[in-house]
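Asks: Pasting a structure below so you can have a look.
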Amino acid sequence: MSSLRFDCTTNDWVIFAPERARRPHEYRGLCPPVDESESGLCPFCPGNEYLTGKEIYAVRGINPDPSRWLVRVIPNKFPALRIEDQPERFEDGPLFRHMGGCGAHEVIIESPDHERTLAQQPVEHIERLIGVLHFRFVDLLRDGRFQTIVIFKNHGERAGTSLRHPHWQLIATPVVPRLLRLKHQVATDYFDLTGRCVYCQMLADELAFGKRVVAENNHFAAVCPYASHVPFEMWIMPKTHRSSFADITDQERRSLAELLGSVLRKLHVALENPHYNLTIDTASRGDEDKRYFLWHIRILPRLTTPAGFELGSGMSINLVLPEEAAAYLRDTPEDSAT
């Protein structure tokens, strides 16, 4: 069973999930990505639904045939946290504390197509996918045990994926992870000092400067941040202040689909379909209406590997200036990605 243990040296929680040791190619090293389950079939492909857990949610077309789904949500077969557990806390000594592995871990199968990447999807399907992510986010927020909901996508084995069929994951946790607490605290301090949201100020300054802007539309802008941690890091930020992903409107959903598809196609072409991590960063429970935070998407290409200095210091070494990365992506055509 999963559990969380408190690290008294960092004031953070560590998830222990021993059952995930059975996940595909866990200690894969440099092994190629795994596409099949033990039966030799991809569990995410249409017709193989019996290989997954009970369906949580799905979007289907006009045909009611269960195999004709467009987006499908299922429980993770090897969950980091379980919705059946409870968040009670226990002490094993003055410094040793643990709690039950309470949470949720879902897989959002992006489409029925095993080979088509998100960069190659039409904007209508990306909009549909964002709608499913939003629905699951809002639905899980109704469970008062969950303090943070992290939505993420791992594309490619260097980004940590274990099945090649395009998919996202969602993990709800009973605590706010330390990195998110730190980001929220920094943003709160800036707001208390200036009365402004640091993210909104950052976006305004990036748009005024222009050289780190990759693309924009009426509702969103994609920028390579001034202090990017990895080469070609991009943030997609809303131009209207909203602290929580839960508050995105239908009109904004369409604009986000257009911009997300555009920048992913640029990455696909410019860097030859790089492996990347994508996360949706949003305010935690209780801070959804606060003015200090702006929800946003981070896209982190995995072009380099953190080594001893990065792991020992917590600092990043970036080999590409964001101004150069943004200029290169702006000049990259999108049409050859499809």
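Residue numbering restarts at 1 in every chain; chains get A, B, ... in the order shown in the structure tokens, and ligands count up from 1 in that same order.
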Please provide as a PyMOL selection string all residues within 12 Å of Glu91 in chain A, with the sequence filter that same-chain residues fewer than 3 positions apart are discarded (counting only C-alpha atoms).

Replies: chain A and resi 4-6+88+94-100

Asks: Atoms to include: N, CA and C atoms. Write the selected residues as an mmCIF file, in the first residue's frame.

Replies:
```cif
data_model
loop_
_atom_site.group_PDB
_atom_site.id
_atom_site.type_symbol
_atom_site.label_atom_id
_atom_site.label_comp_id
_atom_site.auth_asym_id
_atom_site.auth_seq_id
_atom_site.Cartn_x
_atom_site.Cartn_y
_atom_site.Cartn_z
ATOM 1 N N LEU A 4 2.763 8.166 2.724
ATOM 2 C CA LEU A 4 3.592 9.360 2.636
ATOM 3 C C LEU A 4 4.421 9.461 3.902
ATOM 4 N N ARG A 5 5.713 9.760 3.741
ATOM 5 C CA ARG A 5 6.587 9.971 4.890
ATOM 6 C C ARG A 5 7.145 11.387 4.844
ATOM 7 N N PHE A 6 7.228 11.996 6.038
ATOM 8 C CA PHE A 6 7.661 13.387 6.132
ATOM 9 C C PHE A 6 9.181 13.455 6.252
ATOM 10 N N GLU A 88 -5.090 9.974 7.541
ATOM 11 C CA GLU A 88 -4.691 10.058 8.956
ATOM 12 C C GLU A 88 -3.170 10.089 9.078
ATOM 13 N N PRO A 94 9.863 11.387 17.308
ATOM 14 C CA PRO A 94 9.790 12.849 17.251
ATOM 15 C C PRO A 94 9.963 13.410 15.842
ATOM 16 N N LEU A 95 10.806 12.765 15.020
ATOM 17 C CA LEU A 95 11.075 13.284 13.678
ATOM 18 C C LEU A 95 10.438 12.454 12.575
ATOM 19 N N PHE A 96 9.890 11.311 12.916
ATOM 20 C CA PHE A 96 9.398 10.385 11.897
ATOM 21 C C PHE A 96 7.871 10.361 11.908
ATOM 22 N N ARG A 97 7.284 10.900 10.857
ATOM 23 C CA ARG A 97 5.835 10.950 10.725
ATOM 24 C C ARG A 97 5.418 10.379 9.378
ATOM 25 N N HIS A 98 4.279 9.718 9.362
ATOM 26 C CA HIS A 98 3.773 9.224 8.088
ATOM 27 C C HIS A 98 2.257 9.344 8.060
ATOM 28 N N MET A 99 1.696 9.185 6.888
ATOM 29 C CA MET A 99 0.255 9.268 6.712
ATOM 30 C C MET A 99 -0.175 8.278 5.639
ATOM 31 N N GLY A 100 -1.467 7.971 5.618
ATOM 32 C CA GLY A 100 -1.993 7.046 4.632
ATOM 33 C C GLY A 100 -1.856 7.583 3.224
#
```

Asks: Identify, on the basis of only C-alpha atoms, every residue whose closest approach to range 285-299 of chain A does not exceed 8 Å; exclude the query and any residue fewer than 3 positions from it along the same chain; express the result as a PyMOL selection string.

Replies: chain A and resi 141+146-148+184+187-188+190-191+196-200+233-238+241-245+276-282

Asks: Put those residues in a file: N, CA and C atoms, as a compact mmCIF listing (two decimals), in the first residue's frame.

Replies:
```
# COMPACT_ATOMS: atom_id res chain seq x y z
N LEU A 141 -11.81 18.17 -7.13
CA LEU A 141 -11.78 19.25 -6.13
C LEU A 141 -12.94 19.12 -5.14
N PHE A 146 -8.40 16.25 -0.74
CA PHE A 146 -7.35 16.55 -1.69
C PHE A 146 -6.99 18.03 -1.63
N GLN A 147 -5.71 18.33 -1.40
CA GLN A 147 -5.25 19.70 -1.28
C GLN A 147 -4.62 20.23 -2.58
N THR A 148 -4.05 19.35 -3.36
CA THR A 148 -3.40 19.74 -4.60
C THR A 148 -3.73 18.71 -5.67
N HIS A 184 4.02 29.45 -4.04
CA HIS A 184 2.88 30.23 -3.54
C HIS A 184 3.35 31.28 -2.53
N ALA A 187 5.03 34.17 -4.35
CA ALA A 187 4.01 34.98 -5.00
C ALA A 187 3.22 35.80 -3.99
N THR A 188 2.94 35.20 -2.82
CA THR A 188 2.21 35.92 -1.78
C THR A 188 3.03 37.09 -1.25
N TYR A 190 5.32 38.79 -2.82
CA TYR A 190 5.36 39.85 -3.85
C TYR A 190 4.04 40.62 -3.85
N PHE A 191 2.93 39.90 -3.71
CA PHE A 191 1.62 40.56 -3.71
C PHE A 191 1.48 41.45 -2.48
N ARG A 196 0.43 43.45 -6.50
CA ARG A 196 0.28 42.90 -7.84
C ARG A 196 0.67 41.43 -7.86
N CYS A 197 0.14 40.70 -8.82
CA CYS A 197 0.49 39.30 -9.04
C CYS A 197 1.82 39.25 -9.78
N VAL A 198 2.79 38.54 -9.24
CA VAL A 198 4.11 38.48 -9.86
C VAL A 198 4.05 37.83 -11.23
N TYR A 199 3.14 36.89 -11.43
CA TYR A 199 3.04 36.22 -12.73
C TYR A 199 2.42 37.15 -13.77
N CYS A 200 1.40 37.91 -13.37
CA CYS A 200 0.82 38.88 -14.30
C CYS A 200 1.83 39.96 -14.67
N GLU A 233 12.51 25.77 -22.57
CA GLU A 233 11.37 25.78 -21.65
C GLU A 233 10.36 26.84 -22.10
N MET A 234 9.09 26.49 -22.05
CA MET A 234 8.03 27.43 -22.43
C MET A 234 6.93 27.44 -21.38
N TRP A 235 6.37 28.61 -21.16
CA TRP A 235 5.19 28.76 -20.32
C TRP A 235 4.06 29.32 -21.18
N ILE A 236 2.86 28.76 -21.03
CA ILE A 236 1.66 29.32 -21.63
C ILE A 236 0.85 29.95 -20.50
N MET A 237 0.63 31.27 -20.59
CA MET A 237 0.04 32.02 -19.49
C MET A 237 -1.22 32.75 -19.96
N PRO A 238 -2.28 32.72 -19.16
CA PRO A 238 -3.50 33.45 -19.52
C PRO A 238 -3.32 34.96 -19.36
N HIS A 241 -6.36 37.42 -15.41
CA HIS A 241 -5.93 36.80 -14.16
C HIS A 241 -6.95 35.77 -13.68
N ARG A 242 -6.47 34.54 -13.52
CA ARG A 242 -7.24 33.47 -12.91
C ARG A 242 -6.24 32.63 -12.12
N SER A 243 -6.53 32.42 -10.85
CA SER A 243 -5.60 31.66 -10.01
C SER A 243 -5.69 30.16 -10.26
N SER A 244 -6.87 29.69 -10.65
CA SER A 244 -7.11 28.26 -10.75
C SER A 244 -7.49 27.85 -12.16
N PHE A 245 -6.98 26.71 -12.58
CA PHE A 245 -7.36 26.10 -13.85
C PHE A 245 -8.86 25.83 -13.88
N TYR A 276 9.44 15.51 -23.69
CA TYR A 276 9.17 16.67 -22.83
C TYR A 276 8.20 16.29 -21.72
N ASN A 277 8.22 17.09 -20.66
CA ASN A 277 7.21 17.06 -19.61
C ASN A 277 6.36 18.31 -19.71
N LEU A 278 5.08 18.15 -19.46
CA LEU A 278 4.14 19.28 -19.47
C LEU A 278 3.35 19.22 -18.18
N THR A 279 3.25 20.35 -17.49
CA THR A 279 2.48 20.40 -16.25
C THR A 279 1.53 21.60 -16.27
N ILE A 280 0.40 21.43 -15.62
CA ILE A 280 -0.52 22.54 -15.39
C ILE A 280 -0.36 22.97 -13.95
N ASP A 281 0.17 24.17 -13.75
CA ASP A 281 0.40 24.70 -12.40
C ASP A 281 -0.78 25.59 -12.00
N THR A 282 -1.37 25.30 -10.85
CA THR A 282 -2.57 26.01 -10.43
C THR A 282 -2.57 26.18 -8.92
```

Asks: Would you mind listing what lies within 9 Å of range 68-79 of chain A as a PyMOL selection string, with only C-alpha atoms counted and same-chain residues fewer than 2 positions away left out?

Replies: chain A and resi 2+17+19-23+44+46-47+52-66+81-82+104-112+125+128-129+132+136+169+171

Asks: Can you write just those residues out, N, CA and C atoms, as a short mmCIF file (atom, residue, chain, number, x, y, z; two decimals), in the first residue's frame?

Replies:
```cif
data_model
loop_
_atom_site.label_atom_id
_atom_site.label_comp_id
_atom_site.auth_asym_id
_atom_site.auth_seq_id
_atom_site.Cartn_x
_atom_site.Cartn_y
_atom_site.Cartn_z
N SER A 2 0.35 2.30 -0.62
CA SER A 2 1.08 3.56 -0.66
C SER A 2 1.02 4.26 0.69
N ALA A 17 5.39 4.22 -2.98
CA ALA A 17 4.40 3.44 -3.73
C ALA A 17 5.04 2.15 -4.22
N GLU A 19 3.95 -0.69 -4.94
CA GLU A 19 3.26 -1.44 -5.99
C GLU A 19 3.66 -0.97 -7.38
N ARG A 20 4.15 0.27 -7.50
CA ARG A 20 4.56 0.76 -8.81
C ARG A 20 5.82 0.08 -9.30
N ALA A 21 6.45 -0.74 -8.46
CA ALA A 21 7.61 -1.50 -8.91
C ALA A 21 7.22 -2.49 -10.00
N ARG A 22 5.91 -2.74 -10.13
CA ARG A 22 5.46 -3.66 -11.17
C ARG A 22 5.11 -2.93 -12.46
N ARG A 23 5.30 -1.62 -12.51
CA ARG A 23 4.94 -0.88 -13.72
C ARG A 23 5.90 -1.24 -14.85
N PHE A 44 -4.10 0.81 -24.08
CA PHE A 44 -4.77 2.07 -24.32
C PHE A 44 -5.44 2.13 -25.69
N PRO A 46 -8.08 1.17 -28.77
CA PRO A 46 -9.47 0.71 -28.86
C PRO A 46 -9.55 -0.80 -29.05
N GLY A 47 -10.52 -1.42 -28.40
CA GLY A 47 -10.67 -2.86 -28.46
C GLY A 47 -9.99 -3.58 -27.32
N THR A 52 -7.70 -2.53 -18.97
CA THR A 52 -7.56 -1.43 -18.01
C THR A 52 -8.59 -1.58 -16.89
N GLY A 53 -8.47 -0.73 -15.90
CA GLY A 53 -9.45 -0.71 -14.83
C GLY A 53 -10.77 -0.15 -15.31
N LYS A 54 -11.74 -0.11 -14.42
CA LYS A 54 -13.08 0.38 -14.76
C LYS A 54 -13.02 1.83 -15.21
N GLU A 55 -13.64 2.10 -16.32
CA GLU A 55 -13.62 3.44 -16.91
C GLU A 55 -14.22 4.48 -15.95
N ILE A 56 -13.50 5.59 -15.77
CA ILE A 56 -13.99 6.69 -14.93
C ILE A 56 -14.85 7.65 -15.72
N TYR A 57 -14.43 7.94 -16.94
CA TYR A 57 -15.12 8.93 -17.77
C TYR A 57 -14.64 8.76 -19.20
N ALA A 58 -15.47 9.14 -20.15
CA ALA A 58 -15.07 9.08 -21.55
C ALA A 58 -15.91 10.05 -22.37
N VAL A 59 -15.34 10.52 -23.45
CA VAL A 59 -16.06 11.31 -24.45
C VAL A 59 -16.17 10.43 -25.68
N ARG A 60 -17.39 10.28 -26.18
CA ARG A 60 -17.63 9.44 -27.35
C ARG A 60 -18.31 10.25 -28.44
N GLY A 61 -18.19 9.75 -29.67
CA GLY A 61 -18.84 10.40 -30.79
C GLY A 61 -20.30 9.99 -30.88
N ILE A 62 -20.86 10.12 -32.05
CA ILE A 62 -22.28 9.81 -32.24
C ILE A 62 -22.54 8.33 -32.08
N ASN A 63 -21.61 7.51 -32.54
CA ASN A 63 -21.78 6.06 -32.46
C ASN A 63 -21.62 5.61 -31.02
N PRO A 64 -22.60 4.91 -30.45
CA PRO A 64 -22.51 4.50 -29.04
C PRO A 64 -21.62 3.29 -28.79
N ASP A 65 -21.01 2.76 -29.84
CA ASP A 65 -20.11 1.61 -29.68
C ASP A 65 -19.03 1.97 -28.65
N PRO A 66 -18.88 1.20 -27.54
CA PRO A 66 -17.88 1.53 -26.51
C PRO A 66 -16.46 1.67 -27.03
N LEU A 81 -1.04 6.97 -5.37
CA LEU A 81 -1.94 7.19 -4.24
C LEU A 81 -3.29 6.59 -4.58
N ARG A 82 -4.08 6.25 -3.54
CA ARG A 82 -5.35 5.58 -3.76
C ARG A 82 -6.50 6.36 -3.11
N ALA A 104 -5.64 10.39 -5.49
CA ALA A 104 -6.22 9.83 -6.71
C ALA A 104 -5.14 9.84 -7.78
N HIS A 105 -5.18 8.85 -8.65
CA HIS A 105 -4.20 8.74 -9.73
C HIS A 105 -4.92 8.23 -10.97
N GLU A 106 -5.13 9.12 -11.91
CA GLU A 106 -5.90 8.79 -13.11
C GLU A 106 -5.04 8.93 -14.36
N VAL A 107 -5.41 8.19 -15.38
CA VAL A 107 -4.78 8.27 -16.69
C VAL A 107 -5.82 8.79 -17.68
N ILE A 108 -5.45 9.82 -18.43
CA ILE A 108 -6.32 10.36 -19.47
C ILE A 108 -5.73 9.95 -20.81
N ILE A 109 -6.37 8.97 -21.47
CA ILE A 109 -5.89 8.49 -22.77
C ILE A 109 -6.28 9.55 -23.80
N GLU A 110 -5.28 10.10 -24.44
CA GLU A 110 -5.43 11.31 -25.23
C GLU A 110 -6.33 11.13 -26.45
N SER A 111 -6.24 9.99 -27.09
CA SER A 111 -7.03 9.70 -28.28
C SER A 111 -6.93 8.21 -28.58
N PRO A 112 -7.75 7.69 -29.46
CA PRO A 112 -7.63 6.27 -29.82
C PRO A 112 -6.39 5.97 -30.65
N HIS A 125 -9.74 18.57 -31.37
CA HIS A 125 -9.51 17.48 -30.42
C HIS A 125 -8.72 17.97 -29.21
N ARG A 128 -11.18 19.45 -26.99
CA ARG A 128 -11.94 18.39 -26.32
C ARG A 128 -11.14 17.80 -25.16
N LEU A 129 -9.86 17.58 -25.38
CA LEU A 129 -8.99 17.03 -24.34
C LEU A 129 -8.88 17.98 -23.15
N VAL A 132 -11.84 17.65 -20.99
CA VAL A 132 -11.82 16.47 -20.12
C VAL A 132 -10.91 16.71 -18.92
N ARG A 136 -12.22 16.62 -14.98
CA ARG A 136 -11.67 15.76 -13.94
C ARG A 136 -11.08 16.60 -12.80
N GLN A 169 -1.60 12.23 -17.16
CA GLN A 169 -1.91 11.69 -15.85
C GLN A 169 -2.36 12.82 -14.92
N ILE A 171 -2.72 13.43 -10.63
CA ILE A 171 -2.53 12.92 -9.27
C ILE A 171 -3.03 13.97 -8.28
#
```

Asks: Mind checking DSSP for range 53-277 of chain A and telling me the helix (DSSP H, G or I) residues as number ranges by chain?

Replies: A: 118-120, 123-141, 157-159, 178-194, 198-209, 245-247, 250-270

Asks: I need the residues of range 51-283 of chain A that end up classed as strand (DSSP E or B) by DSSP on the backbone, written out as a PyMOL selection string.

Replies: chain A and resi 57-60+69-75+82+89-91+97-100+102+104-109+148-155+167-173+213-216+220-223+234-238+276-281

Asks: Give me, please, the distance in Å between CA of Glu157 in chain A and CA of Pro274 in chain A, quoted to one decimal.

Replies: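 Rounded to one decimal, the two atoms are 10.3 Å apart.
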